[in-house]
file query09.pdb (PDB, C-alpha atoms)
MODEL        1
ATOM      1  CA  MET A   6       0.000   0.000   0.000
ATOM      2  CA  ALA A   7       1.384   3.399  -0.991
ATOM      3  CA  ALA A   8       1.949   6.004   1.696
ATOM      4  CA  SER A   9      -0.359   8.984   1.532
ATOM      5  CA  PRO A  10       1.244  12.161   0.192
ATOM      6  CA  THR A  11       2.599  14.785   2.553
ATOM      7  CA  TYR A  12       2.121  18.424   1.663
ATOM      8  CA  THR A  13       4.647  20.804   3.220
ATOM      9  CA  TYR A  14       4.328  24.574   3.039
ATOM     10  CA  THR A  15       6.845  27.212   4.111
ATOM     11  CA  PHE A  16       5.703  30.787   4.701
ATOM     12  CA  LYS A  17       5.660  33.840   6.947
ATOM     13  CA  VAL A  18       2.550  35.072   8.721
ATOM     14  CA  GLU A  19       2.332  38.767   7.920
ATOM     15  CA  PRO A  20       1.096  41.005  10.758
ATOM     16  CA  GLN A  21      -2.053  42.026   8.846
ATOM     17  CA  MET A  22      -2.973  38.371   8.323
ATOM     18  CA  PHE A  23      -2.433  37.716  12.020
ATOM     19  CA  ARG A  24      -4.664  40.701  12.782
ATOM     20  CA  ARG A  25      -7.464  39.358  10.561
ATOM     21  CA  ALA A  26      -7.157  35.983  12.307
ATOM     22  CA  LEU A  27      -7.418  37.672  15.719
ATOM     23  CA  TYR A  28     -10.587  39.505  14.709
ATOM     24  CA  PHE A  29     -12.049  36.332  13.232
ATOM     25  CA  ASN A  30     -11.221  34.439  16.419
ATOM     26  CA  THR A  31     -12.831  37.148  18.548
ATOM     27  CA  PHE A  32     -15.892  38.002  16.480
ATOM     28  CA  GLY A  33     -16.477  35.357  13.828
ATOM     29  CA  LYS A  34     -15.423  31.914  14.972
ATOM     30  CA  GLN A  35     -18.958  31.058  16.004
ATOM     31  CA  ARG A  36     -21.504  32.255  13.440
ATOM     32  CA  ILE A  37     -23.802  33.786  16.042
ATOM     33  CA  GLN A  38     -20.953  35.373  18.034
ATOM     34  CA  SER A  39     -20.869  38.740  16.253
ATOM     35  CA  VAL A  40     -24.683  38.961  16.234
ATOM     36  CA  ILE A  41     -24.799  38.441  19.996
ATOM     37  CA  ILE A  42     -22.026  40.993  20.582
ATOM     38  CA  ALA A  43     -23.806  43.569  18.393
ATOM     39  CA  ALA A  44     -27.182  42.902  20.047
ATOM     40  CA  MET A  45     -25.679  43.276  23.511
ATOM     41  CA  ALA A  46     -23.991  46.561  22.520
ATOM     42  CA  VAL A  47     -27.268  47.921  21.112
ATOM     43  CA  MET A  48     -29.086  46.806  24.244
ATOM     44  CA  GLY A  49     -26.474  48.475  26.450
ATOM     45  CA  VAL A  50     -26.698  51.760  24.519
ATOM     46  CA  GLY A  51     -30.509  51.512  24.618
ATOM     47  CA  MET A  52     -30.449  51.087  28.386
ATOM     48  CA  LEU A  53     -28.037  54.019  28.722
ATOM     49  CA  LEU A  54     -30.289  56.256  26.614
ATOM     50  CA  ALA A  55     -33.399  55.108  28.484
ATOM     51  CA  ASN A  56     -31.730  55.931  31.778
ATOM     52  CA  LEU A  57     -30.067  59.235  30.904
ATOM     53  CA  VAL A  58     -32.294  60.746  28.201
ATOM     54  CA  PHE A  59     -35.737  59.384  29.019
ATOM     55  CA  HIS A  60     -35.126  59.242  32.776
ATOM     56  CA  VAL A  61     -36.191  55.633  33.142
ATOM     57  CA  GLU A  62     -35.349  54.614  36.672
ATOM     58  CA  MET A  63     -32.954  51.715  36.941
ATOM     59  CA  THR A  64     -31.355  50.013  39.870
ATOM     60  CA  SER A  65     -27.644  50.418  40.335
ATOM     61  CA  VAL A  66     -27.224  46.786  39.265
ATOM     62  CA  MET A  67     -28.945  47.503  35.927
ATOM     63  CA  GLN A  68     -26.809  50.606  35.449
ATOM     64  CA  LEU A  69     -23.692  48.588  36.173
ATOM     65  CA  CYS A  70     -24.850  45.985  33.638
ATOM     66  CA  TYR A  71     -25.222  48.461  30.787
ATOM     67  CA  ILE A  72     -21.887  50.071  31.640
ATOM     68  CA  VAL A  73     -20.174  46.671  31.501
ATOM     69  CA  ILE A  74     -21.963  45.796  28.248
ATOM     70  CA  ILE A  75     -20.991  49.095  26.612
ATOM     71  CA  ALA A  76     -17.388  48.741  27.783
ATOM     72  CA  ALA A  77     -17.066  45.156  26.512
ATOM     73  CA  VAL A  78     -16.875  45.926  22.773
ATOM     74  CA  PRO A  79     -14.068  48.489  23.052
ATOM     75  CA  LEU A  80     -12.221  46.074  25.356
ATOM     76  CA  LEU A  81     -12.525  43.297  22.766
ATOM     77  CA  LEU A  82     -11.225  45.641  20.066
ATOM     78  CA  PHE A  83      -8.398  46.784  22.333
ATOM     79  CA  SER A  84      -7.463  43.175  23.068
ATOM     80  CA  CYS A  85      -7.236  42.361  19.340
ATOM     81  CA  GLU A  86      -5.182  45.471  18.593
ATOM     82  CA  HIS A  87      -2.894  44.905  21.584
ATOM     83  CA  SER A  88      -2.178  41.319  20.489
ATOM     84  CA  TYR A  89      -1.604  42.519  16.917
ATOM     85  CA  ARG A  90       0.900  45.169  18.040
ATOM     86  CA  ASP A  91       2.702  42.668  20.264
ATOM     87  CA  TYR A  92       2.956  40.251  17.352
ATOM     88  CA  LYS A  93       4.144  42.949  14.954
ATOM     89  CA  LYS A  94       7.017  43.847  17.323
ATOM     90  CA  SER A  95       7.949  40.242  18.108
ATOM     91  CA  PRO A  96      10.463  38.090  16.222
ATOM     92  CA  LEU A  97       7.566  35.786  15.332
ATOM     93  CA  ALA A  98       6.360  38.279  12.709
ATOM     94  CA  ASP A  99       9.488  37.584  10.632
ATOM     95  CA  ALA A 100       9.803  33.902  11.472
ATOM     96  CA  VAL A 101       9.634  31.367   8.686
ATOM     97  CA  ARG A 102       7.094  28.677   9.493
ATOM     98  CA  SER A 103       6.217  25.371   7.976
ATOM     99  CA  VAL A 104       3.136  23.220   8.092
ATOM    100  CA  SER A 105       3.136  19.625   6.886
ATOM    101  CA  ILE A 106      -0.202  17.968   6.183
ATOM    102  CA  ASN A 107      -0.726  14.264   5.683
ATOM    103  CA  GLU A 108      -3.826  12.068   5.650
ATOM    104  CA  ASP A 109      -2.864  10.833   9.124
ATOM    105  CA  TRP A 110      -1.112  13.766  10.804
ATOM    106  CA  LEU A 111       0.002  17.416  10.837
ATOM    107  CA  LYS A 112       3.287  18.985  11.853
ATOM    108  CA  PHE A 113       4.024  22.643  12.663
ATOM    109  CA  LYS A 114       7.425  24.318  12.864
ATOM    110  CA  VAL A 115       8.724  27.838  13.436
ATOM    111  CA  ALA A 116      12.275  28.382  12.169
ATOM    112  CA  GLY A 117      14.701  28.612  15.081
ATOM    113  CA  GLY A 118      12.235  26.896  17.391
ATOM    114  CA  ALA A 119      11.944  23.299  18.420
ATOM    115  CA  ASP A 120      10.494  20.946  15.856
ATOM    116  CA  SER A 121       6.942  20.050  16.793
ATOM    117  CA  GLU A 122       5.826  16.494  17.042
ATOM    118  CA  LYS A 123       3.427  15.061  14.543
ATOM    119  CA  ILE A 124      -0.094  15.429  15.830
ATOM    120  CA  GLU A 125      -2.907  13.210  14.720
ATOM    121  CA  TRP A 126      -6.043  14.726  13.266
ATOM    122  CA  HIS A 127      -8.135  13.780  16.314
ATOM    123  CA  GLN A 128      -5.935  16.224  18.288
ATOM    124  CA  VAL A 129      -7.078  19.119  16.053
ATOM    125  CA  SER A 130     -10.225  20.757  17.368
ATOM    126  CA  ALA A 131     -11.208  22.620  14.162
ATOM    127  CA  VAL A 132     -10.067  24.141  10.889
ATOM    128  CA  PHE A 133     -11.623  27.268   9.422
ATOM    129  CA  GLU A 134     -11.060  28.113   5.790
ATOM    130  CA  LEU A 135     -11.241  31.843   5.166
ATOM    131  CA  ALA A 136     -10.709  33.670   1.872
ATOM    132  CA  GLU A 137      -6.949  34.139   2.367
ATOM    133  CA  PHE A 138      -5.892  31.433   4.814
ATOM    134  CA  PHE A 139      -6.740  28.400   6.888
ATOM    135  CA  ILE A 140      -6.858  28.672  10.676
ATOM    136  CA  ILE A 141      -5.961  25.360  12.290
ATOM    137  CA  TYR A 142      -6.983  25.126  15.958
ATOM    138  CA  ARG A 143      -5.141  22.543  17.989
ATOM    139  CA  ASP A 144      -7.214  23.723  20.942
ATOM    140  CA  ALA A 145      -9.124  26.866  21.900
ATOM    141  CA  ASN A 146      -5.906  28.768  22.687
ATOM    142  CA  LEU A 147      -3.565  27.658  19.903
ATOM    143  CA  MET A 148      -4.207  28.655  16.317
ATOM    144  CA  VAL A 149      -1.884  28.060  13.387
ATOM    145  CA  LEU A 150      -2.350  30.026  10.180
ATOM    146  CA  LEU A 151      -1.701  28.556   6.755
ATOM    147  CA  PRO A 152      -1.832  31.225   4.032
ATOM    148  CA  LYS A 153      -3.419  30.031   0.809
ATOM    149  CA  SER A 154      -0.729  31.955  -1.061
ATOM    150  CA  ALA A 155       1.767  29.331   0.191
ATOM    151  CA  VAL A 156      -0.291  26.490  -1.289
ATOM    152  CA  ALA A 157      -0.110  25.588  -4.981
ATOM    153  CA  ALA A 158      -3.507  26.064  -6.654
ATOM    154  CA  ASP A 159      -3.735  22.395  -7.653
ATOM    155  CA  GLU A 160      -3.062  21.306  -4.053
ATOM    156  CA  LEU A 161      -5.777  23.451  -2.421
ATOM    157  CA  PRO A 162      -8.596  21.005  -3.206
ATOM    158  CA  LYS A 163      -6.402  18.114  -2.026
ATOM    159  CA  ILE A 164      -5.565  19.561   1.393
ATOM    160  CA  ARG A 165      -9.148  20.802   1.775
ATOM    161  CA  ALA A 166     -10.312  17.221   1.134
ATOM    162  CA  VAL A 167      -7.826  15.865   3.707
ATOM    163  CA  MET A 168      -9.066  18.365   6.290
ATOM    164  CA  ARG A 169     -12.726  17.734   5.502
ATOM    165  CA  HIS A 170     -12.245  13.944   5.581
ATOM    166  CA  ASN A 171     -10.380  13.954   8.900
ATOM    167  CA  LEU A 172     -12.361  16.618  10.738
ATOM    168  CA  GLY A 173     -15.865  16.195   9.345
ATOM    169  CA  ARG A 174     -17.964  18.804  11.114
ATOM    170  CA  GLY A 175     -14.771  20.296  12.546
ATOM    171  CA  PHE A 176     -13.937  21.721   9.099
ATOM    172  CA  HIS A 177     -15.661  25.069   8.504
ATOM    173  CA  LEU A 178     -15.826  27.076   5.298
ATOM    174  CA  ARG A 179     -16.013  30.825   5.980
ATOM    175  CA  ARG A 180     -14.756  32.502   2.837
ATOM    176  CA  ILE A 181     -16.272  35.882   3.618
ATOM    177  CA  GLY A 182     -16.551  38.152   0.582
ATOM    178  CA  GLN A 183     -15.898  35.305  -1.833
ATOM    179  CA  VAL A 184     -18.168  32.819  -3.542
ATOM    180  CA  ALA A 185     -17.694  29.483  -1.804
ATOM    181  CA  ALA A 186     -16.464  26.843  -4.207
ATOM    182  CA  ALA A 187     -15.889  23.416  -2.779
TER     183      ALA A 187
ENDMDL
END
call {"tool": "encode", "arguments": {"input": "query09.pdb", "output": "structure tokens"}}
result
Amino acid sequence: MAASPTYTYTFKVEPQMFRRALYFNTFGKQRIQSVIIAAMAVMGVGMLLANLVFHVEMTSVMQLCYIVIIAAVPLLLFSCEHSYRDYKKSPLADAVRSVSINEDWLKFKVAGGADSEKIEWHQVSAVFELAEFFIIYRDANLMVLLPKSAVAADELPKIRAVMRHNLGRGFHLRRIGQVAAA
């Protein structure tokens, strides 16, 4: 039996790509996430206006709630921007990375760092395909980006099929602003 092919890609993760991944992770990973955040912000502003403009009496707990709700969105934005600026200044922004994908495993490496072990697909929690890159989540806190520009056009359907086959419902297509072609 022939061994399954291994696809290896070498690339750099540009700061702007990292920034887009941060915003996706914060606001778009779950489809309903951004809707809930927007609804809560509108509700918080509505409560603020009701209290201050229309003089609707509210308990101090309700006032505290709308203050926290209104403050949450700027804090989320600040968190994304802070992480982006930290990344941009770090040596990781210029580091050459590699991702190897096989039917049975994945391997990640950052040049100058320790070689990662091969991880089996069951250890990957999800993969999101966006218009410009794949986000591979080993767990909720570790995401690895694979830019599509590093992948040969004829190999994109092949690695997409490997991901879809191994992850099933853990593979998500979110090519925002682009017609989804499977």
call {"tool": "resolve_selection", "arguments": {"input": "query09.pdb", "expression": "the PyMOL selection byres ((chain A and resi 94-100) around 9)", "output": "ChimeraX atom specification"}}
result
/A:16-20,23,89-93,101-102,115-117
call {"tool": "atom_distance", "arguments": {"input": "query09.pdb", "atom1": "CA of Trp126 in chain A", "atom2": "CA of Gln35 in chain A"}}
result
21.0 Å
call {"tool": "closest_residue", "arguments": {"input": "query09.pdb", "among": "A:Ile72, A:Ile37, A:Leu151, A:Ile140", "to": "Leu54 in chain A", "atoms": "all atoms listed in the file"}}
result
A:Ile72
call {"tool": "closest_residue", "arguments": {"input": "query09.pdb", "among": "A:Phe59, A:Val50, A:Gly118, A:Glu134", "to": "Ala77 in chain A", "atoms": "only C-alpha atoms"}}
result
A:Val50
call {"tool": "residues_around", "arguments": {"input": "query09.pdb", "residues": "Asn56 in chain A", "least_positions_apart": "4", "cutoff": "12 Å", "atoms": "only C-alpha atoms", "output": "list of chain:residue names"}}
result
A:Gly49, A:Val50, A:Gly51, A:Met52, A:His60, A:Val61, A:Glu62, A:Met63, A:Thr64, A:Ser65, A:Met67, A:Gln68, A:Leu69, A:Tyr71, A:Ile72
call {"tool": "resolve_selection", "arguments": {"input": "query09.pdb", "expression": "the PyMOL selection byres ((chain A and resi 11) around 6)", "output": "MDAnalysis selection string"}}
result
chainID A and resid 10 12 106:107
call {"tool": "residues_near_point", "arguments": {"input": "query09.pdb", "point": "(-7.7, 23.4, 14.3)", "cutoff": "7 Å", "atoms": "only C-alpha atoms", "output": "PyMOL selection string"}}
result
chain A and resi 129-132+140-144+148
call {"tool": "atom_distance", "arguments": {"input": "query09.pdb", "atom1": "CA of Ile124 in chain A", "atom2": "CA of Arg25 in chain A"}}
result
25.6 Å
call {"tool": "residues_around", "arguments": {"input": "query09.pdb", "residues": "Ile41 in chain A", "least_positions_apart": "6", "cutoff": "12 Å", "atoms": "only C-alpha atoms", "output": "PyMOL selection string"}}
result
chain A and resi 32-33+35+47-48+74+78
call {"tool": "decode", "arguments": {"input": "query09.pdb", "residues": "range 133-163 of chain A", "atoms": "N, CA and C atoms", "output": "PDB file, in the first residue's frame"}}
result
ATOM      1  N   PHE A 133     -10.766  26.306  10.115  1.00  0.00           N
ATOM      2  CA  PHE A 133     -11.623  27.268   9.422  1.00  0.00           C
ATOM      3  C   PHE A 133     -10.909  27.698   8.152  1.00  0.00           C
ATOM      4  N   GLU A 134     -11.599  27.616   7.043  1.00  0.00           N
ATOM      5  CA  GLU A 134     -11.060  28.113   5.790  1.00  0.00           C
ATOM      6  C   GLU A 134     -11.673  29.476   5.521  1.00  0.00           C
ATOM      7  N   LEU A 135     -10.820  30.495   5.502  1.00  0.00           N
ATOM      8  CA  LEU A 135     -11.241  31.843   5.166  1.00  0.00           C
ATOM      9  C   LEU A 135     -10.753  32.160   3.755  1.00  0.00           C
ATOM     10  N   ALA A 136     -11.061  33.318   3.250  1.00  0.00           N
ATOM     11  CA  ALA A 136     -10.709  33.670   1.872  1.00  0.00           C
ATOM     12  C   ALA A 136      -9.207  33.607   1.625  1.00  0.00           C
ATOM     13  N   GLU A 137      -8.395  34.040   2.587  1.00  0.00           N
ATOM     14  CA  GLU A 137      -6.949  34.139   2.367  1.00  0.00           C
ATOM     15  C   GLU A 137      -6.122  33.069   3.058  1.00  0.00           C
ATOM     16  N   PHE A 138      -6.682  32.381   4.034  1.00  0.00           N
ATOM     17  CA  PHE A 138      -5.892  31.433   4.814  1.00  0.00           C
ATOM     18  C   PHE A 138      -6.774  30.428   5.530  1.00  0.00           C
ATOM     19  N   PHE A 139      -6.121  29.382   6.004  1.00  0.00           N
ATOM     20  CA  PHE A 139      -6.740  28.400   6.888  1.00  0.00           C
ATOM     21  C   PHE A 139      -6.302  28.729   8.306  1.00  0.00           C
ATOM     22  N   ILE A 140      -7.215  28.586   9.260  1.00  0.00           N
ATOM     23  CA  ILE A 140      -6.858  28.672  10.676  1.00  0.00           C
ATOM     24  C   ILE A 140      -7.035  27.265  11.239  1.00  0.00           C
ATOM     25  N   ILE A 141      -5.944  26.706  11.725  1.00  0.00           N
ATOM     26  CA  ILE A 141      -5.961  25.360  12.290  1.00  0.00           C
ATOM     27  C   ILE A 141      -5.896  25.509  13.807  1.00  0.00           C
ATOM     28  N   TYR A 142      -6.925  25.033  14.496  1.00  0.00           N
ATOM     29  CA  TYR A 142      -6.983  25.126  15.958  1.00  0.00           C
ATOM     30  C   TYR A 142      -6.617  23.769  16.556  1.00  0.00           C
ATOM     31  N   ARG A 143      -5.490  23.768  17.254  1.00  0.00           N
ATOM     32  CA  ARG A 143      -5.141  22.543  17.989  1.00  0.00           C
ATOM     33  C   ARG A 143      -6.013  22.456  19.241  1.00  0.00           C
ATOM     34  N   ASP A 144      -6.260  23.596  19.848  1.00  0.00           N
ATOM     35  CA  ASP A 144      -7.214  23.723  20.942  1.00  0.00           C
ATOM     36  C   ASP A 144      -7.735  25.149  20.912  1.00  0.00           C
ATOM     37  N   ALA A 145      -8.511  25.535  21.910  1.00  0.00           N
ATOM     38  CA  ALA A 145      -9.124  26.866  21.900  1.00  0.00           C
ATOM     39  C   ALA A 145      -8.098  27.995  21.970  1.00  0.00           C
ATOM     40  N   ASN A 146      -6.901  27.715  22.494  1.00  0.00           N
ATOM     41  CA  ASN A 146      -5.906  28.768  22.687  1.00  0.00           C
ATOM     42  C   ASN A 146      -4.769  28.768  21.667  1.00  0.00           C
ATOM     43  N   LEU A 147      -4.675  27.745  20.840  1.00  0.00           N
ATOM     44  CA  LEU A 147      -3.565  27.658  19.903  1.00  0.00           C
ATOM     45  C   LEU A 147      -4.090  27.592  18.480  1.00  0.00           C
ATOM     46  N   MET A 148      -3.806  28.655  17.719  1.00  0.00           N
ATOM     47  CA  MET A 148      -4.207  28.655  16.317  1.00  0.00           C
ATOM     48  C   MET A 148      -2.965  28.776  15.446  1.00  0.00           C
ATOM     49  N   VAL A 149      -2.971  28.034  14.356  1.00  0.00           N
ATOM     50  CA  VAL A 149      -1.884  28.060  13.387  1.00  0.00           C
ATOM     51  C   VAL A 149      -2.482  28.519  12.070  1.00  0.00           C
ATOM     52  N   LEU A 150      -1.859  29.509  11.449  1.00  0.00           N
ATOM     53  CA  LEU A 150      -2.350  30.026  10.180  1.00  0.00           C
ATOM     54  C   LEU A 150      -1.585  29.380   9.036  1.00  0.00           C
ATOM     55  N   LEU A 151      -2.301  29.050   7.983  1.00  0.00           N
ATOM     56  CA  LEU A 151      -1.701  28.556   6.755  1.00  0.00           C
ATOM     57  C   LEU A 151      -2.220  29.426   5.617  1.00  0.00           C
ATOM     58  N   PRO A 152      -1.389  30.353   5.127  1.00  0.00           N
ATOM     59  CA  PRO A 152      -1.832  31.225   4.032  1.00  0.00           C
ATOM     60  C   PRO A 152      -2.065  30.427   2.758  1.00  0.00           C
ATOM     61  N   LYS A 153      -3.146  30.714   2.067  1.00  0.00           N
ATOM     62  CA  LYS A 153      -3.419  30.031   0.809  1.00  0.00           C
ATOM     63  C   LYS A 153      -2.388  30.393  -0.248  1.00  0.00           C
ATOM     64  N   SER A 154      -1.753  31.554  -0.099  1.00  0.00           N
ATOM     65  CA  SER A 154      -0.729  31.955  -1.061  1.00  0.00           C
ATOM     66  C   SER A 154       0.487  31.025  -1.018  1.00  0.00           C
ATOM     67  N   ALA A 155       0.648  30.271   0.078  1.00  0.00           N
ATOM     68  CA  ALA A 155       1.767  29.331   0.191  1.00  0.00           C
ATOM     69  C   ALA A 155       1.443  27.974  -0.439  1.00  0.00           C
ATOM     70  N   VAL A 156       0.176  27.774  -0.771  1.00  0.00           N
ATOM     71  CA  VAL A 156      -0.291  26.490  -1.289  1.00  0.00           C
ATOM     72  C   VAL A 156      -0.471  26.584  -2.799  1.00  0.00           C
ATOM     73  N   ALA A 157       0.078  25.636  -3.523  1.00  0.00           N
ATOM     74  CA  ALA A 157      -0.110  25.588  -4.981  1.00  0.00           C
ATOM     75  C   ALA A 157      -1.603  25.410  -5.277  1.00  0.00           C
ATOM     76  N   ALA A 158      -2.078  26.077  -6.320  1.00  0.00           N
ATOM     77  CA  ALA A 158      -3.507  26.064  -6.654  1.00  0.00           C
ATOM     78  C   ALA A 158      -4.048  24.648  -6.835  1.00  0.00           C
ATOM     79  N   ASP A 159      -3.254  23.759  -7.432  1.00  0.00           N
ATOM     80  CA  ASP A 159      -3.735  22.395  -7.653  1.00  0.00           C
ATOM     81  C   ASP A 159      -3.760  21.565  -6.369  1.00  0.00           C
ATOM     82  N   GLU A 160      -3.070  22.027  -5.323  1.00  0.00           N
ATOM     83  CA  GLU A 160      -3.062  21.306  -4.053  1.00  0.00           C
ATOM     84  C   GLU A 160      -4.154  21.776  -3.090  1.00  0.00           C
ATOM     85  N   LEU A 161      -4.722  22.950  -3.318  1.00  0.00           N
ATOM     86  CA  LEU A 161      -5.777  23.451  -2.421  1.00  0.00           C
ATOM     87  C   LEU A 161      -6.929  22.466  -2.276  1.00  0.00           C
ATOM     88  N   PRO A 162      -7.498  21.965  -3.372  1.00  0.00           N
ATOM     89  CA  PRO A 162      -8.596  21.005  -3.206  1.00  0.00           C
ATOM     90  C   PRO A 162      -8.155  19.727  -2.483  1.00  0.00           C
ATOM     91  N   LYS A 163      -6.901  19.333  -2.656  1.00  0.00           N
ATOM     92  CA  LYS A 163      -6.402  18.114  -2.026  1.00  0.00           C
ATOM     93  C   LYS A 163      -6.288  18.276  -0.515  1.00  0.00           C
TER      94      LYS A 163
END
